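Enquirer: Next comes the structure file target19.txt, holding compact mmCIF, C-alpha atoms and all ligand atoms.
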# COMPACT_ATOMS: atom_id res chain seq x y z
CA MET A 1 0.00 0.00 0.00
CA SER A 2 1.25 3.48 -0.86
CA ASN A 3 -0.09 6.69 0.52
CA SER A 4 0.69 10.20 1.59
CA ASP A 5 -1.21 10.21 4.85
CA VAL A 6 -0.03 8.49 8.02
CA ALA A 7 -3.65 8.19 9.16
CA LYS A 8 -4.38 6.02 6.09
CA CYS A 9 -1.50 3.58 6.58
CA PRO A 10 -2.54 -0.07 7.05
CA LYS A 11 -4.37 -0.76 10.29
CA ASN A 12 -2.90 -4.27 10.70
CA PRO A 13 -1.39 -4.57 14.16
CA ILE A 14 1.73 -6.32 12.87
CA PRO A 15 5.26 -5.08 13.59
CA GLU A 16 6.87 -2.80 11.09
CA TYR A 17 10.36 -1.63 10.22
CA ALA A 18 10.98 1.59 8.33
CA PHE A 19 13.87 2.67 6.14
CA ILE A 20 14.83 6.31 6.19
CA GLY A 21 17.74 8.50 5.18
CA ARG A 22 18.78 11.05 2.60
CA SER A 23 17.48 10.79 -0.94
CA ASN A 24 19.53 8.42 -3.08
CA VAL A 25 21.18 6.71 -0.08
CA GLY A 26 19.67 3.37 -1.16
CA LYS A 27 16.52 2.82 0.94
CA SER A 28 14.43 1.32 -1.83
CA SER A 29 17.36 -0.75 -3.11
CA LEU A 30 17.91 -2.15 0.38
CA ILE A 31 14.26 -3.27 0.59
CA ASN A 32 14.67 -5.04 -2.75
CA MET A 33 17.89 -6.67 -1.58
CA LEU A 34 16.35 -7.85 1.68
CA THR A 35 13.31 -9.28 -0.07
CA GLN A 36 15.33 -10.60 -3.03
CA ARG A 37 12.95 -8.86 -5.41
CA LYS A 38 14.48 -6.75 -8.14
CA SER A 39 11.87 -4.05 -8.33
CA LEU A 40 9.47 -4.38 -5.44
CA ALA A 41 10.42 -0.87 -4.33
CA LYS A 42 11.04 1.61 -7.15
CA THR A 43 14.63 2.84 -7.32
CA SER A 44 16.37 5.48 -9.41
CA GLY A 45 19.77 7.06 -9.96
CA ARG A 46 18.01 10.40 -9.52
CA PRO A 47 17.23 11.45 -5.95
CA GLY A 48 13.60 11.97 -5.00
CA LYS A 49 12.21 8.75 -6.48
CA THR A 50 10.19 7.58 -3.48
CA GLN A 51 7.48 10.12 -2.72
CA LEU A 52 5.00 8.20 -0.61
CA ILE A 53 4.87 5.97 2.44
CA ASN A 54 5.06 2.45 0.98
CA HIS A 55 4.11 -0.56 3.07
CA PHE A 56 5.33 -3.96 1.88
CA LYS A 57 3.78 -6.87 3.75
CA ILE A 58 6.24 -9.72 4.26
CA ASN A 59 4.92 -13.27 4.83
CA ASN A 60 1.89 -11.79 6.61
CA GLU A 61 4.21 -11.25 9.57
CA TRP A 62 5.65 -7.77 9.29
CA PHE A 63 5.81 -4.70 7.13
CA LEU A 64 8.89 -3.15 5.59
CA VAL A 65 8.24 0.53 4.99
CA ASP A 66 9.92 2.58 2.28
CA LEU A 67 9.84 6.32 2.86
CA PRO A 68 10.79 9.42 0.87
CA GLY A 69 14.29 10.70 1.49
CA TYR A 70 15.09 13.80 3.48
CA GLY A 71 17.62 16.53 2.88
CA TYR A 72 17.95 16.54 -0.87
CA ALA A 73 19.01 20.05 -1.88
CA LYS A 74 17.37 20.09 -5.30
CA THR A 75 13.87 19.17 -4.17
CA SER A 76 11.62 22.21 -4.06
CA LYS A 77 11.08 23.82 -0.68
CA THR A 78 7.43 22.80 -0.73
CA SER A 79 8.09 19.14 -1.35
CA LYS A 80 10.87 19.19 1.24
CA ARG A 81 8.36 20.48 3.77
CA VAL A 82 5.77 17.92 2.74
CA PHE A 83 8.29 15.04 3.03
CA GLN A 84 9.53 16.33 6.35
CA LYS A 85 5.96 16.46 7.67
CA PHE A 86 5.23 12.88 6.50
CA ILE A 87 8.39 11.59 8.04
CA THR A 88 7.97 13.26 11.42
CA GLU A 89 4.31 12.28 11.56
CA TYR A 90 5.09 8.75 10.53
CA PHE A 91 7.79 8.27 13.19
CA SER A 92 5.90 9.98 15.97
CA LYS A 93 2.46 8.45 15.35
CA ARG A 94 3.02 4.99 13.99
CA THR A 95 2.55 2.73 17.01
CA GLN A 96 3.31 -0.43 15.01
CA LEU A 97 6.84 0.80 14.30
CA ILE A 98 9.36 -1.39 16.10
CA CYS A 99 12.59 -0.01 14.72
CA GLY A 100 13.73 2.58 12.20
CA PHE A 101 16.74 1.88 10.03
CA VAL A 102 18.60 5.11 9.33
CA LEU A 103 20.65 4.68 6.17
CA VAL A 104 23.90 6.54 5.60
CA ASP A 105 26.32 6.21 2.70
CA ILE A 106 29.43 4.54 4.07
CA ARG A 107 31.68 6.70 1.88
CA HIS A 108 30.62 10.00 3.41
CA GLU A 109 31.51 11.80 6.61
CA PRO A 110 28.62 12.15 9.07
CA GLN A 111 26.18 14.71 7.68
CA LYS A 112 24.36 17.28 9.80
CA VAL A 113 20.92 16.28 8.52
CA ASP A 114 21.49 12.63 9.53
CA LEU A 115 22.92 13.50 12.94
CA GLU A 116 20.00 15.82 13.61
CA PHE A 117 17.50 13.19 12.56
CA MET A 118 19.09 10.56 14.81
CA GLN A 119 19.08 13.04 17.66
CA TRP A 120 15.39 13.73 17.08
CA LEU A 121 14.68 9.98 17.13
CA GLY A 122 16.61 9.69 20.39
CA GLU A 123 14.76 12.58 21.99
CA ASN A 124 11.46 11.01 20.99
CA GLN A 125 12.55 7.58 22.22
CA ILE A 126 12.09 5.97 18.84
CA PRO A 127 14.39 2.93 18.50
CA PHE A 128 16.67 2.93 15.50
CA CYS A 129 19.71 1.27 13.96
CA ILE A 130 22.22 2.67 11.49
CA VAL A 131 22.63 0.99 8.12
CA PHE A 132 25.77 1.88 6.19
CA THR A 133 24.99 1.54 2.49
CA LYS A 134 27.00 1.10 -0.73
CA ALA A 135 29.85 -0.78 0.97
CA ASP A 136 30.79 -2.19 -2.46
CA LYS A 137 32.03 1.29 -3.35
CA LEU A 138 34.83 1.20 -0.76
CA PRO A 139 37.82 -1.13 -0.70
CA PRO A 140 37.33 -3.64 2.16
CA SER A 141 40.31 -2.19 4.01
CA GLN A 142 38.50 1.16 4.30
CA ILE A 143 35.21 -0.13 5.69
CA ASP A 144 36.13 -0.34 9.37
CA LYS A 145 37.92 2.97 9.15
CA HIS A 146 34.77 4.70 7.91
CA VAL A 147 32.55 3.00 10.48
CA ASN A 148 34.95 3.96 13.27
CA ALA A 149 35.08 7.57 12.10
CA TYR A 150 31.28 7.61 12.23
CA ARG A 151 31.33 6.16 15.71
CA ASP A 152 33.85 8.78 16.88
CA LYS A 153 31.64 11.56 15.58
CA LEU A 154 28.52 10.17 17.29
CA LEU A 155 30.32 9.74 20.59
CA GLU A 156 31.73 13.24 20.39
CA ASP A 157 28.18 14.44 19.64
CA VAL A 158 25.42 13.50 22.11
CA TRP A 159 25.61 9.71 22.02
CA GLU A 160 27.04 7.54 24.77
CA GLU A 161 27.43 4.55 22.54
CA MET A 162 27.29 3.66 18.89
CA PRO A 163 23.77 2.48 18.00
CA LYS A 164 23.40 -1.02 16.57
CA HIS A 165 24.67 -0.82 13.01
CA PHE A 166 24.99 -2.84 9.82
CA VAL A 167 27.32 -2.61 6.85
CA THR A 168 25.45 -3.36 3.63
CA SER A 169 25.63 -3.34 -0.13
CA SER A 170 22.46 -3.84 -2.10
CA SER A 171 24.31 -4.55 -5.31
CA LYS A 172 26.48 -7.22 -3.68
CA ALA A 173 23.88 -8.46 -1.16
CA ILE A 174 26.21 -7.70 1.74
CA GLY A 175 24.60 -7.56 5.18
CA ARG A 176 21.32 -9.22 4.19
CA GLU A 177 21.41 -12.00 6.76
CA GLU A 178 22.44 -9.66 9.56
CA VAL A 179 19.54 -7.28 8.98
CA ILE A 180 16.98 -10.06 8.47
CA ASN A 181 18.17 -11.99 11.52
CA TYR A 182 17.99 -8.84 13.59
CA ILE A 183 14.39 -8.20 12.51
CA GLY A 184 13.56 -11.86 13.18
CA GLN A 185 15.16 -11.63 16.61
CA ILE A 186 13.28 -8.51 17.72
CA ASN A 187 10.07 -10.02 16.40
CA LYS A 188 10.56 -12.99 18.69
CA ASP A 189 11.38 -10.89 21.79
P1 LIG A 201 14.88 8.14 -2.85
O1 LIG A 201 13.71 7.25 -3.05
O2 LIG A 201 15.08 9.12 -3.98
O3 LIG A 201 14.88 8.83 -1.52
O4 LIG A 201 16.25 7.26 -2.91
P2 LIG A 201 16.58 5.85 -2.21
O5 LIG A 201 17.26 6.12 -0.91
O6 LIG A 201 15.39 4.98 -2.17
O7 LIG A 201 17.70 5.28 -3.19
P3 LIG A 201 17.55 4.12 -4.31
O8 LIG A 201 17.38 2.81 -3.66
O9 LIG A 201 16.56 4.55 -5.31
O10 LIG A 201 19.03 4.14 -4.91
C1 LIG A 201 19.64 5.30 -5.40
C2 LIG A 201 20.79 4.94 -6.33
O11 LIG A 201 21.84 4.31 -5.59
C3 LIG A 201 20.40 3.96 -7.44
O12 LIG A 201 21.09 4.31 -8.60
C4 LIG A 201 20.89 2.62 -6.90
O13 LIG A 201 21.20 1.70 -7.92
C5 LIG A 201 22.14 3.03 -6.15
N1 LIG A 201 22.44 2.10 -5.05
C6 LIG A 201 21.62 1.78 -4.02
N2 LIG A 201 22.23 0.89 -3.18
C7 LIG A 201 23.44 0.66 -3.71
C8 LIG A 201 24.54 -0.20 -3.31
O14 LIG A 201 24.53 -0.90 -2.30
N3 LIG A 201 25.65 -0.17 -4.11
C9 LIG A 201 25.73 0.62 -5.21
N4 LIG A 201 26.87 0.59 -5.91
N5 LIG A 201 24.72 1.41 -5.63
C10 LIG A 201 23.59 1.43 -4.89
MG MG A 202 13.45 5.32 -2.64
What does the file become when written as structure tokens?
Ligand code: GTP
Ligand code: MG

Expert:
Amino acid sequence: MSNSDVAKCPKNPIPEYAFIGRSNVGKSSLINMLTQRKSLAKTSGRPGKTQLINHFKINNEWFLVDLPGYGYAKTSKTSKRVFQKFITEYFSKRTQLICGFVLVDIRHEPQKVDLEFMQWLGENQIPFCIVFTKADKLPPSQIDKHVNAYRDKLLEDVWEEMPKHFVTSSSKAIGREEVINYIGQINKD
């Protein structure tokens, strides 16, 4: 189901997991990788592809939720505001939400918009994990270095510890088991 209104999201009382992050970071691609479906969620090389709240029901057990990206400079101010409103409403009102996955591109330094969003989640006591995306674009030797630099920045910021995190690549199917097992584990608990 796709829609632009949190109030109209599915009423099913099943757990859901939402994917959020800047436009083009790879949210929709990650959903396709996790579900092993090439084009379940629509992806694009151009930022701003996902414009609605998209619920994908998995095995009648949980929902994976694809959301529009935040913080893309070229989106018009109006659509930025609209997306921002969706996203805040979604995270603050959706009682079925068990965990948000905040995606960040593993190649980049921590970005203000991501840090602010994580801080907002923390302040609102919304559980989240960090998913590093596009790990195939870094040589393996650089991966830990980038994750550690991210950790250092978070710890120097407001965080006392690094949130649970995953290193993934949708094109190489890296990190699939880890994310799925984690969802399976919290579902059981
Ligand atoms: P919006 O819907 O616009 O917010 O973007 P999104 O976060 O859903 O990104 P999307 O999944 O559409 O991917 C954006 C671009 O990044 C596409 O060209 C993807 O092919 C590419 N991409 C996504 N994940 C990966 C990855 O793990 N590795 C590589 N190399 N490219 C990726
Ligand atoms: Mg998308």

Enquirer: Report as a list in words all protein, DNA and RNA residues lying within 12 Å of Gly71 in chain A, evaluated on only C-alpha atoms, omitting residues in the same chain fewer than 2 positions from it.

Expert: Ile20, Gly21, Arg22, Ser23, Asn24, Val25, Pro47, Gly48, Pro68, Gly69, Ala73, Lys74, Thr75, Ser76, Lys77, Ser79, Lys80, Arg81, Val82, Phe83, Gln84, Ile87, Gln111, Lys112, Val113, Asp114, Leu115, Glu116 and Phe117 of chain A

Enquirer: Within 7 Å of ligand LIG 201 (chain A) (counting all atoms listed in the file), which residues show up? I'd like them as a ChimeraX atom specification.

Expert: /A:21-30,42-51,68-69,133-137,168-172

Enquirer: So that I can see what lies close to Leu40 in chain A, please list as a list in words the residues with an atom at most 12 Å from it, counting only C-alpha atoms and leaving out residues fewer than 2 positions away in the same chain.

Expert: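 Using only C-alpha atoms, the neighbours found are Met1, Lys27, Ser28, Ser29, Leu30, Ile31, Asn32, Met33, Leu34, Thr35, Gln36, Arg37, Lys38, Lys42, Thr43, Asn54, His55, Phe56, Lys57, Ile58, Leu64, Val65 and Asp66 of chain A.
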
Enquirer: Fewer than 4 positions away in the same chain doesn't count, so skip those; otherwise give me all residues within 9 Å of range 123-128 of chain A, counting only C-alpha atoms, as a PyMOL selection string.

Expert: chain A and resi 91-92+97-102+118-119+163-164

Enquirer: Could you tell me which of A:Asn148, A:Phe166, A:Leu121, A:Arg107 comes closest to Ile180 in chain A if we count all atoms listed in the file?

Expert: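 Of the candidates, the smallest distance to Ile180 in chain A is held by A:Phe166.
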
Enquirer: Which is closer to ligand MG 202 (chain A) than all the others in A:Ile174, A:Ile143, A:Leu103, A:Leu155, using all atoms listed in the file?

Expert: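 Closest to ligand MG 202 (chain A), using all atoms listed in the file: A:Leu103.
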
Enquirer: Restricting the calculation to only C-alpha atoms and all ligand atoms: of A:Ser141, A:Gln185, A:Gln96, A:Ser39, which residue gets closest to ligand MG 202 (chain A)?

Expert: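 Ranking A:Ser141, A:Gln185, A:Gln96, A:Ser39 by distance to ligand MG 202 (chain A), first place goes to A:Ser39.
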
Enquirer: Using Å and a single decimal, report how far CA of Asp105 in chain A sits from CA of Tyr17 in chain A.

Expert: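 Pair CA of Tyr17 in chain A / CA of Asp105 in chain A returns 19.3 Å.
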
Enquirer: Which one is closest to ligand MG 202 (chain A): A:Val6, A:Val104, A:Pro140, A:Ala41? Count all atoms listed in the file.

Expert: A:Ala41

Enquirer: Of the candidates A:Lys93, A:Phe19, A:Val167, A:Arg151, which one gets nearest to ligand MG 202 (chain A) if we count all atoms listed in the file?

Expert: A:Phe19

Enquirer: By how many Å are CA of Asp144 in chain A and CA of Ile130 in chain A apart?

Expert: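 That distance, rounded to one decimal, is 14.4 Å.
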
Enquirer: CA of Glu178 in chain A and CA of Glu61 in chain A are how many Å apart?

Expert: 18.3 Å

Enquirer: Using all atoms listed in the file, find the one residue out of A:Ser2, A:Phe86, A:Gly122, A:Val131 that sits nearest to His165 in chain A.

Expert: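 The answer is A:Val131, which sits nearest to His165 in chain A.
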